[in-house]
Structure formats: C-alpha cells, structure tokens
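Trainee: Can you keep this structure in mind? I'll have questions shortly.
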Amino acid sequence: GFFLQRHLEEKKRIIAGGHIELLGIFSNPTLSKKQQRELGLQPLKLGQELKFLVRSVPRVHLEIVPAATFEDARSALLRHNPRIIIFSGHTFAQQYGVSTLAFEADNSRIDEHSSADGFVALLREATEVKSPAPKLELVFLNACLTLDLGVAIVKELPHLKVICWSTITE
C-alpha cells in the first residue's frame with residue numbers, strides 16, 4: 001500500500017545519497033598578516049574536527065562543504081535541505097557589533113562582504129522551501145563570538161534551535 005511505497009521511496013533516496021541530515025560548512029580563509037593583526041584571527045586547524053564528523057556520521061547522511069564561499073553554502077543548503085547545519089570557521093565583527101561568519105571569497109581570502117543579515121536571510125530562504133518540506137531544525141555556529149548572530153537567527157526564525165558561543169573558542 002501507500003505506506004510501503006513511501007518507505008521504499010525513502011530507502012531509495014537514502015541509498016542515492018538524497019537524505020542528507022547534516023550539512024558541514026567549513027571555512028578557513030587565507031589571511032594576510034595585516035588581517036590577522038586587525039581582525040585578531042589566526043588560521044584554524046579544522047582537520048581534527050572534520051575527521052571526527054566524518055567518522056561519526058554515516059556518509060549517506062552527511063554533506064561537507066570545504067573552503068566554503070557564501071554561495072557554496074547557499075547552494076548546498078538549498079539542494080540538500082538538511083536537518084542540521086554546522087558552520088566551523090571564523091567570525092569577524094560588523095559595524096554594529098553583530099559578528100558575521102567569515103566565508104571564503106573565490107580567491108581563498110576572507111569574504112569581507114558577508115553579513116549576519118545575509119546569513120539569516122539564507123536560513124529564512126531554506127526554511128521556506130516548499131518541496132520537499134523544510135527540515136532545518138538546528139544551526140551550530142562553531143565559531144567565536146556568535147551569540148549575537150545566534151540571537152538574531154532565533155529572533156527571526158524562532159522555530160530553529162541554535163548552538164553558539166559567547167566567548168572566544170579554541
């Protein structure tokens with residue numbers, strides 16, 4: 001019957017890799033010495049974090065976006081419609097104090113045009129997806145000083161859960 005057909009279709013999607021539950025977005029832009037001083041940022045060591053994630057989550061449920069530009073993240077989020085997003089990378093302060101995620105530009109440098117509002121708008125776009133139904137439930141901002149961004153996300157999209165940091169992380 002109907003339920004068996006739906007179950008078989010779901011299994012087919014899982015086998016085909018169409019059942020992504022967790023989207024890992026990793027960004028570690030190359031910084032000039034001047035940017036390292038001005039922004040207080042050092043290159044990250046994301047290898048261990050990536051290795052743990054790959055070993056912990058079955059591959060058919062995981063999509064990794066390395067060296068992520070904002071457009072890479074947008075494309076992957078809208079294509080895979082995950083339940084969980086993990087961003088691992090840097091943040092940098094914006095004019096009004098809300099830190100924004102430091103995505104990479106096409107040249108591997110920091111994309112200084114990223115904005116907190118742009119990221120919140122992307123999450124809103126992802127939750128407005130009509131087919132298949134939006135699944136996004138959790139956003140994990142594994143980056144320093146993301147509390148204000150987390151609050152902005154929950155204020156705009158109260159159905160999402162957000163894990164973020166109020167301090168500098170190591």
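By convention in this document, the chains of the structure tokens carry letters A, B, ... by their order, each chain's residues are numbered from 1, and ligands are numbered from 1 in the order they are shown.
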Taking 2 positions as the minimum chain separation for residues in the same chain, which residues sit within 10 Å of Ala76 in chain A when counting only C-alpha atoms? Answer as a ChimeraX atom specification.
Mentor: /A:23-25,63-65,68,71-74,78-82
Trainee: Emit the selected residues as a short mmCIF file (atom, residue, chain, number, x, y, z; two decimals), in the first residue's frame, including all heavy atoms.
Mentor:
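Result file is again17.cif:
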```cif
data_model
loop_
_atom_site.label_atom_id
_atom_site.label_comp_id
_atom_site.auth_asym_id
_atom_site.auth_seq_id
_atom_site.Cartn_x
_atom_site.Cartn_y
_atom_site.Cartn_z
N LEU A 23 24.67 19.08 7.28
CA LEU A 23 25.48 19.83 6.33
C LEU A 23 26.61 20.49 7.11
O LEU A 23 26.36 21.34 7.97
CB LEU A 23 24.63 20.88 5.61
CG LEU A 23 25.36 21.80 4.64
CD1 LEU A 23 25.97 21.01 3.49
CD2 LEU A 23 24.39 22.87 4.12
N GLY A 24 27.84 20.08 6.85
CA GLY A 24 29.02 20.66 7.49
C GLY A 24 29.64 21.70 6.58
O GLY A 24 30.09 21.37 5.48
N ILE A 25 29.66 22.93 7.03
CA ILE A 25 30.22 24.04 6.25
C ILE A 25 31.51 24.47 6.94
O ILE A 25 31.48 24.91 8.09
CB ILE A 25 29.23 25.22 6.18
CG1 ILE A 25 27.91 24.76 5.55
CG2 ILE A 25 29.84 26.39 5.42
CD1 ILE A 25 26.79 25.77 5.66
N GLU A 63 26.88 15.83 4.25
CA GLU A 63 27.45 16.58 3.13
C GLU A 63 28.44 17.58 3.72
O GLU A 63 28.10 18.32 4.65
CB GLU A 63 26.36 17.30 2.34
CG GLU A 63 26.87 18.12 1.19
CD GLU A 63 27.43 17.28 0.03
OE1 GLU A 63 27.12 16.08 -0.06
OE2 GLU A 63 28.17 17.85 -0.79
N ILE A 64 29.64 17.60 3.18
CA ILE A 64 30.69 18.51 3.64
C ILE A 64 30.95 19.55 2.56
O ILE A 64 31.11 19.20 1.39
CB ILE A 64 32.01 17.75 3.92
CG1 ILE A 64 31.81 16.67 4.98
CG2 ILE A 64 33.13 18.72 4.31
CD1 ILE A 64 31.56 17.18 6.36
N VAL A 65 31.00 20.81 2.96
CA VAL A 65 31.36 21.89 2.04
C VAL A 65 32.65 22.50 2.57
O VAL A 65 32.63 23.32 3.49
CB VAL A 65 30.25 22.96 1.96
CG1 VAL A 65 30.62 24.04 0.96
CG2 VAL A 65 28.91 22.34 1.61
N ALA A 68 34.36 26.92 2.10
CA ALA A 68 33.04 27.39 1.68
C ALA A 68 32.98 28.88 1.42
O ALA A 68 33.33 29.69 2.27
CB ALA A 68 31.99 27.02 2.73
N GLU A 71 28.11 31.46 -1.42
CA GLU A 71 27.30 30.82 -2.47
C GLU A 71 27.39 29.30 -2.40
O GLU A 71 26.40 28.61 -2.65
CB GLU A 71 27.71 31.33 -3.86
CG GLU A 71 26.77 30.88 -4.96
CD GLU A 71 25.29 31.16 -4.71
OE1 GLU A 71 24.92 32.23 -4.20
OE2 GLU A 71 24.48 30.25 -5.03
N ASP A 72 28.57 28.75 -2.05
CA ASP A 72 28.69 27.30 -1.86
C ASP A 72 27.73 26.84 -0.77
O ASP A 72 27.04 25.83 -0.91
CB ASP A 72 30.11 26.91 -1.43
CG ASP A 72 31.17 27.12 -2.49
OD1 ASP A 72 30.83 27.16 -3.69
OD2 ASP A 72 32.35 27.24 -2.10
N ALA A 73 27.72 27.57 0.35
CA ALA A 73 26.85 27.22 1.48
C ALA A 73 25.38 27.32 1.08
O ALA A 73 24.58 26.43 1.38
CB ALA A 73 27.14 28.13 2.67
N ARG A 74 25.03 28.37 0.38
CA ARG A 74 23.65 28.57 -0.07
C ARG A 74 23.21 27.43 -0.98
O ARG A 74 22.15 26.82 -0.79
CB ARG A 74 23.52 29.90 -0.80
CG ARG A 74 22.12 30.18 -1.29
CD ARG A 74 22.04 31.50 -2.09
NE ARG A 74 20.67 31.72 -2.51
CZ ARG A 74 20.11 31.13 -3.56
NH1 ARG A 74 20.80 30.28 -4.31
NH2 ARG A 74 18.86 31.38 -3.88
N LEU A 78 20.25 24.68 0.03
CA LEU A 78 19.00 24.58 -0.72
C LEU A 78 18.89 23.25 -1.47
O LEU A 78 17.80 22.71 -1.63
CB LEU A 78 18.89 25.75 -1.70
CG LEU A 78 18.79 27.13 -1.03
CD1 LEU A 78 18.73 28.23 -2.08
CD2 LEU A 78 17.62 27.22 -0.07
N ARG A 79 20.01 22.69 -1.90
CA ARG A 79 19.99 21.42 -2.62
C ARG A 79 19.69 20.24 -1.69
O ARG A 79 18.94 19.35 -2.05
CB ARG A 79 21.34 21.21 -3.33
CG ARG A 79 21.40 19.92 -4.14
CD ARG A 79 22.68 19.79 -4.98
NE ARG A 79 23.88 19.82 -4.18
CZ ARG A 79 24.77 20.82 -4.15
NH1 ARG A 79 24.58 21.92 -4.89
NH2 ARG A 79 25.84 20.77 -3.40
N HIS A 80 20.26 20.25 -0.47
CA HIS A 80 20.16 19.08 0.40
C HIS A 80 19.09 19.18 1.48
O HIS A 80 18.72 18.16 2.05
CB HIS A 80 21.52 18.80 1.05
CG HIS A 80 22.56 18.41 0.05
ND1 HIS A 80 22.49 17.24 -0.66
CD2 HIS A 80 23.67 19.05 -0.36
CE1 HIS A 80 23.54 17.16 -1.47
NE2 HIS A 80 24.26 18.25 -1.31
N ASN A 81 18.65 20.37 1.81
CA ASN A 81 17.58 20.53 2.80
C ASN A 81 17.86 19.73 4.08
O ASN A 81 17.07 18.88 4.48
CB ASN A 81 16.25 20.11 2.17
CG ASN A 81 15.04 20.52 2.99
OD1 ASN A 81 15.11 21.42 3.82
ND2 ASN A 81 13.93 19.83 2.78
N PRO A 82 19.00 19.99 4.76
CA PRO A 82 19.37 19.19 5.94
C PRO A 82 18.55 19.56 7.17
O PRO A 82 17.92 20.60 7.23
CB PRO A 82 20.83 19.56 6.15
CG PRO A 82 20.88 20.99 5.71
CD PRO A 82 19.96 21.05 4.51
#
```
Trainee: Any chance you could tabulate, as JSON lines, the residues of range 17-99 of chain A at most 8 Å from range 142-162 of chain A with each one's nearest atom pair and distance in Å to one decimal, using only C-alpha atoms, in chain and rising number order?
Mentor:
```
{"residue": "A:Ile86", "atom": "CA", "partner": "A:Asn142", "partner_atom": "CA", "distance": 7.0}
{"residue": "A:Phe87", "atom": "CA", "partner": "A:Asn142", "partner_atom": "CA", "distance": 5.7}
{"residue": "A:Ser88", "atom": "CA", "partner": "A:Asn142", "partner_atom": "CA", "distance": 4.8}
{"residue": "A:Gly89", "atom": "CA", "partner": "A:Ala143", "partner_atom": "CA", "distance": 5.5}
{"residue": "A:His90", "atom": "CA", "partner": "A:Ala143", "partner_atom": "CA", "distance": 5.4}
{"residue": "A:Thr91", "atom": "CA", "partner": "A:Ala143", "partner_atom": "CA", "distance": 6.3}
{"residue": "A:Val98", "atom": "CA", "partner": "A:Asp148", "partner_atom": "CA", "distance": 5.5}
{"residue": "A:Ser99", "atom": "CA", "partner": "A:Thr146", "partner_atom": "CA", "distance": 6.2}
```
Trainee: Let me make sure I understand: among A:Phe92, A:Lys45, A:Gln35, A:Leu122, which one has the smallest atom-to-atom distance to Ile168 in chain A if we use only C-alpha atoms?
Mentor: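 Selected residue with least distance to Ile168 in chain A: A:Phe92.
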Trainee: For a test of reading the model, state the distance in Å between CA of Thr69 in chain A and CA of Asp106 in chain A, rounded to one decimal.
Mentor: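 Distance between the two atoms: 7.0 Å.
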Trainee: Quick one: DSSP strand (DSSP E or B) residues in chain A, as a VMD selection string?
Mentor: chain A and resid 22 to 26 30 62 to 65 84 to 88 91 to 92 100 to 101 104 109 to 110 138 to 142 161 to 163
Trainee: Have a look at A:Ser115, A:Ala93, A:Glu137, A:Ile163 and name the one nearest to Glu38 in chain A; count only C-alpha atoms.
Mentor: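 Nearest candidate to Glu38 in chain A out of A:Ser115, A:Ala93, A:Glu137, A:Ile163: A:Ala93.
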Trainee: Between A:Ala102, A:Val129, A:Val139, A:Trp165, which has the minimum distance to Leu39 in chain A (counting only C-alpha atoms)?
Mentor: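 Looking only at the distances to Leu39 in chain A, the closest residue turns out to be A:Ala102.
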Trainee: For each of A:Phe140, A:Phe119, A:Phe70, A:Phe26, take the minimum atom-to-atom distance to Ile84 in chain A, counting only C-alpha atoms, then give the residue where this is smallest.
Mentor: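 Comparing A:Phe140, A:Phe119, A:Phe70, A:Phe26 against Ile84 in chain A, the winner is A:Phe140.
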Trainee: So, with only C-alpha atoms as the atoms that count, which of A:Leu141, A:Ala105, A:Leu77, A:Ala67 lies closest to Thr127 in chain A?
Mentor: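 Nearest candidate to Thr127 in chain A out of A:Leu141, A:Ala105, A:Leu77, A:Ala67: A:Leu77.
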Trainee: Step one, run DSSP on the backbone; step two, keep only residues of range 87-149 of chain A assigned to helix (DSSP H, G or I); then write them as a PDB file with all heavy atoms, in the first residue's frame.
Mentor:
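Dumped everything to selection36.pdb:
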```
ATOM      1  N   ALA A 116      25.828  39.245   8.680  1.00  0.00           N
ATOM      2  CA  ALA A 116      24.946  38.474   9.560  1.00  0.00           C
ATOM      3  C   ALA A 116      23.541  38.448   8.969  1.00  0.00           C
ATOM      4  O   ALA A 116      22.885  37.402   8.942  1.00  0.00           O
ATOM      5  CB  ALA A 116      24.944  39.077  10.961  1.00  0.00           C
ATOM      6  N   ASP A 117      23.072  39.586   8.464  1.00  0.00           N
ATOM      7  CA  ASP A 117      21.737  39.656   7.857  1.00  0.00           C
ATOM      8  C   ASP A 117      21.632  38.721   6.660  1.00  0.00           C
ATOM      9  O   ASP A 117      20.595  38.087   6.449  1.00  0.00           O
ATOM     10  CB  ASP A 117      21.406  41.086   7.422  1.00  0.00           C
ATOM     11  CG  ASP A 117      21.171  42.022   8.595  1.00  0.00           C
ATOM     12  OD1 ASP A 117      20.905  41.538   9.713  1.00  0.00           O
ATOM     13  OD2 ASP A 117      21.247  43.253   8.386  1.00  0.00           O
ATOM     14  N   GLY A 118      22.709  38.620   5.875  1.00  0.00           N
ATOM     15  CA  GLY A 118      22.712  37.731   4.719  1.00  0.00           C
ATOM     16  C   GLY A 118      22.584  36.273   5.122  1.00  0.00           C
ATOM     17  O   GLY A 118      21.886  35.496   4.473  1.00  0.00           O
ATOM     18  N   PHE A 119      23.255  35.889   6.215  1.00  0.00           N
ATOM     19  CA  PHE A 119      23.174  34.513   6.677  1.00  0.00           C
ATOM     20  C   PHE A 119      21.783  34.200   7.224  1.00  0.00           C
ATOM     21  O   PHE A 119      21.215  33.148   6.934  1.00  0.00           O
ATOM     22  CB  PHE A 119      24.247  34.226   7.729  1.00  0.00           C
ATOM     23  CG  PHE A 119      24.316  32.776   8.114  1.00  0.00           C
ATOM     24  CD1 PHE A 119      24.796  31.830   7.230  1.00  0.00           C
ATOM     25  CD2 PHE A 119      23.884  32.360   9.361  1.00  0.00           C
ATOM     26  CE1 PHE A 119      24.844  30.481   7.572  1.00  0.00           C
ATOM     27  CE2 PHE A 119      23.935  31.015   9.719  1.00  0.00           C
ATOM     28  CZ  PHE A 119      24.417  30.076   8.816  1.00  0.00           C
ATOM     29  N   VAL A 120      21.208  35.127   7.965  1.00  0.00           N
ATOM     30  CA  VAL A 120      19.848  34.938   8.486  1.00  0.00           C
ATOM     31  C   VAL A 120      18.863  34.831   7.316  1.00  0.00           C
ATOM     32  O   VAL A 120      17.971  33.978   7.319  1.00  0.00           O
ATOM     33  CB  VAL A 120      19.455  36.072   9.460  1.00  0.00           C
ATOM     34  CG1 VAL A 120      17.988  35.963   9.868  1.00  0.00           C
ATOM     35  CG2 VAL A 120      20.355  36.057  10.691  1.00  0.00           C
ATOM     36  N   ALA A 121      19.048  35.659   6.293  1.00  0.00           N
ATOM     37  CA  ALA A 121      18.173  35.597   5.113  1.00  0.00           C
ATOM     38  C   ALA A 121      18.309  34.254   4.403  1.00  0.00           C
ATOM     39  O   ALA A 121      17.318  33.696   3.916  1.00  0.00           O
ATOM     40  CB  ALA A 121      18.493  36.739   4.154  1.00  0.00           C
ATOM     41  N   LEU A 122      19.515  33.712   4.357  1.00  0.00           N
ATOM     42  CA  LEU A 122      19.726  32.395   3.756  1.00  0.00           C
ATOM     43  C   LEU A 122      18.973  31.318   4.537  1.00  0.00           C
ATOM     44  O   LEU A 122      18.313  30.458   3.943  1.00  0.00           O
ATOM     45  CB  LEU A 122      21.222  32.067   3.713  1.00  0.00           C
ATOM     46  CG  LEU A 122      21.589  30.636   3.321  1.00  0.00           C
ATOM     47  CD1 LEU A 122      21.059  30.298   1.942  1.00  0.00           C
ATOM     48  CD2 LEU A 122      23.101  30.454   3.386  1.00  0.00           C
ATOM     49  N   LEU A 123      19.055  31.363   5.850  1.00  0.00           N
ATOM     50  CA  LEU A 123      18.324  30.391   6.667  1.00  0.00           C
ATOM     51  C   LEU A 123      16.814  30.534   6.464  1.00  0.00           C
ATOM     52  O   LEU A 123      16.091  29.548   6.388  1.00  0.00           O
ATOM     53  CB  LEU A 123      18.682  30.546   8.140  1.00  0.00           C
ATOM     54  CG  LEU A 123      20.140  30.244   8.506  1.00  0.00           C
ATOM     55  CD1 LEU A 123      20.377  30.538   9.975  1.00  0.00           C
ATOM     56  CD2 LEU A 123      20.516  28.819   8.161  1.00  0.00           C
ATOM     57  N   ARG A 124      16.339  31.771   6.356  1.00  0.00           N
ATOM     58  CA  ARG A 124      14.914  32.003   6.104  1.00  0.00           C
ATOM     59  C   ARG A 124      14.528  31.392   4.759  1.00  0.00           C
ATOM     60  O   ARG A 124      13.510  30.707   4.642  1.00  0.00           O
ATOM     61  CB  ARG A 124      14.595  33.497   6.109  1.00  0.00           C
ATOM     62  CG  ARG A 124      13.102  33.786   5.978  1.00  0.00           C
ATOM     63  CD  ARG A 124      12.720  35.267   5.970  1.00  0.00           C
ATOM     64  NE  ARG A 124      13.525  36.117   6.787  1.00  0.00           N
ATOM     65  CZ  ARG A 124      14.495  36.928   6.332  1.00  0.00           C
ATOM     66  NH1 ARG A 124      14.777  36.982   5.049  1.00  0.00           N
ATOM     67  NH2 ARG A 124      15.172  37.706   7.157  1.00  0.00           N
ATOM     68  N   GLU A 125      15.356  31.614   3.748  1.00  0.00           N
ATOM     69  CA  GLU A 125      15.094  31.040   2.424  1.00  0.00           C
ATOM     70  C   GLU A 125      15.029  29.511   2.493  1.00  0.00           C
ATOM     71  O   GLU A 125      14.153  28.888   1.901  1.00  0.00           O
ATOM     72  CB  GLU A 125      16.195  31.482   1.450  1.00  0.00           C
ATOM     73  CG  GLU A 125      16.014  30.986   0.044  1.00  0.00           C
ATOM     74  CD  GLU A 125      17.125  31.428  -0.892  1.00  0.00           C
ATOM     75  OE1 GLU A 125      18.112  32.054  -0.441  1.00  0.00           O
ATOM     76  OE2 GLU A 125      17.008  31.120  -2.090  1.00  0.00           O
ATOM     77  N   ALA A 126      15.937  28.916   3.241  1.00  0.00           N
ATOM     78  CA  ALA A 126      15.977  27.451   3.364  1.00  0.00           C
ATOM     79  C   ALA A 126      14.744  26.908   4.076  1.00  0.00           C
ATOM     80  O   ALA A 126      14.272  25.820   3.756  1.00  0.00           O
ATOM     81  CB  ALA A 126      17.239  27.021   4.101  1.00  0.00           C
ATOM     82  N   THR A 127      14.228  27.655   5.038  1.00  0.00           N
ATOM     83  CA  THR A 127      13.043  27.169   5.768  1.00  0.00           C
ATOM     84  C   THR A 127      11.751  27.436   5.013  1.00  0.00           C
ATOM     85  O   THR A 127      10.707  26.914   5.389  1.00  0.00           O
ATOM     86  CB  THR A 127      12.950  27.785   7.182  1.00  0.00           C
ATOM     87  OG1 THR A 127      12.856  29.198   7.071  1.00  0.00           O
ATOM     88  CG2 THR A 127      14.140  27.388   8.021  1.00  0.00           C
ATOM     89  N   LEU A 147      27.196  34.578  19.664  1.00  0.00           N
ATOM     90  CA  LEU A 147      25.965  34.725  20.438  1.00  0.00           C
ATOM     91  C   LEU A 147      24.994  35.713  19.795  1.00  0.00           C
ATOM     92  O   LEU A 147      23.810  35.413  19.643  1.00  0.00           O
ATOM     93  CB  LEU A 147      26.270  35.141  21.880  1.00  0.00           C
ATOM     94  CG  LEU A 147      25.041  35.358  22.771  1.00  0.00           C
ATOM     95  CD1 LEU A 147      24.233  34.075  22.907  1.00  0.00           C
ATOM     96  CD2 LEU A 147      25.458  35.876  24.126  1.00  0.00           C
ATOM     97  N   ASP A 148      25.464  36.894  19.411  1.00  0.00           N
ATOM     98  CA  ASP A 148      24.569  37.897  18.817  1.00  0.00           C
ATOM     99  C   ASP A 148      23.952  37.394  17.512  1.00  0.00           C
ATOM    100  O   ASP A 148      22.781  37.634  17.239  1.00  0.00           O
ATOM    101  CB  ASP A 148      25.306  39.213  18.577  1.00  0.00           C
ATOM    102  CG  ASP A 148      25.631  39.941  19.867  1.00  0.00           C
ATOM    103  OD1 ASP A 148      24.973  39.666  20.892  1.00  0.00           O
ATOM    104  OD2 ASP A 148      26.553  40.773  19.864  1.00  0.00           O
ATOM    105  N   LEU A 149      24.748  36.678  16.725  1.00  0.00           N
ATOM    106  CA  LEU A 149      24.216  36.092  15.488  1.00  0.00           C
ATOM    107  C   LEU A 149      23.178  35.023  15.824  1.00  0.00           C
ATOM    108  O   LEU A 149      22.112  34.961  15.201  1.00  0.00           O
ATOM    109  CB  LEU A 149      25.348  35.505  14.636  1.00  0.00           C
ATOM    110  CG  LEU A 149      24.924  34.815  13.342  1.00  0.00           C
ATOM    111  CD1 LEU A 149      24.102  35.735  12.449  1.00  0.00           C
ATOM    112  CD2 LEU A 149      26.160  34.300  12.605  1.00  0.00           C
TER     113      LEU A 149
END
```
Trainee: Measuring between only C-alpha atoms, which one of A:Arg83, A:Leu22, A:Ser27, A:Lys34 shows the shortest distance to Leu53 in chain A?
Mentor: A:Leu22
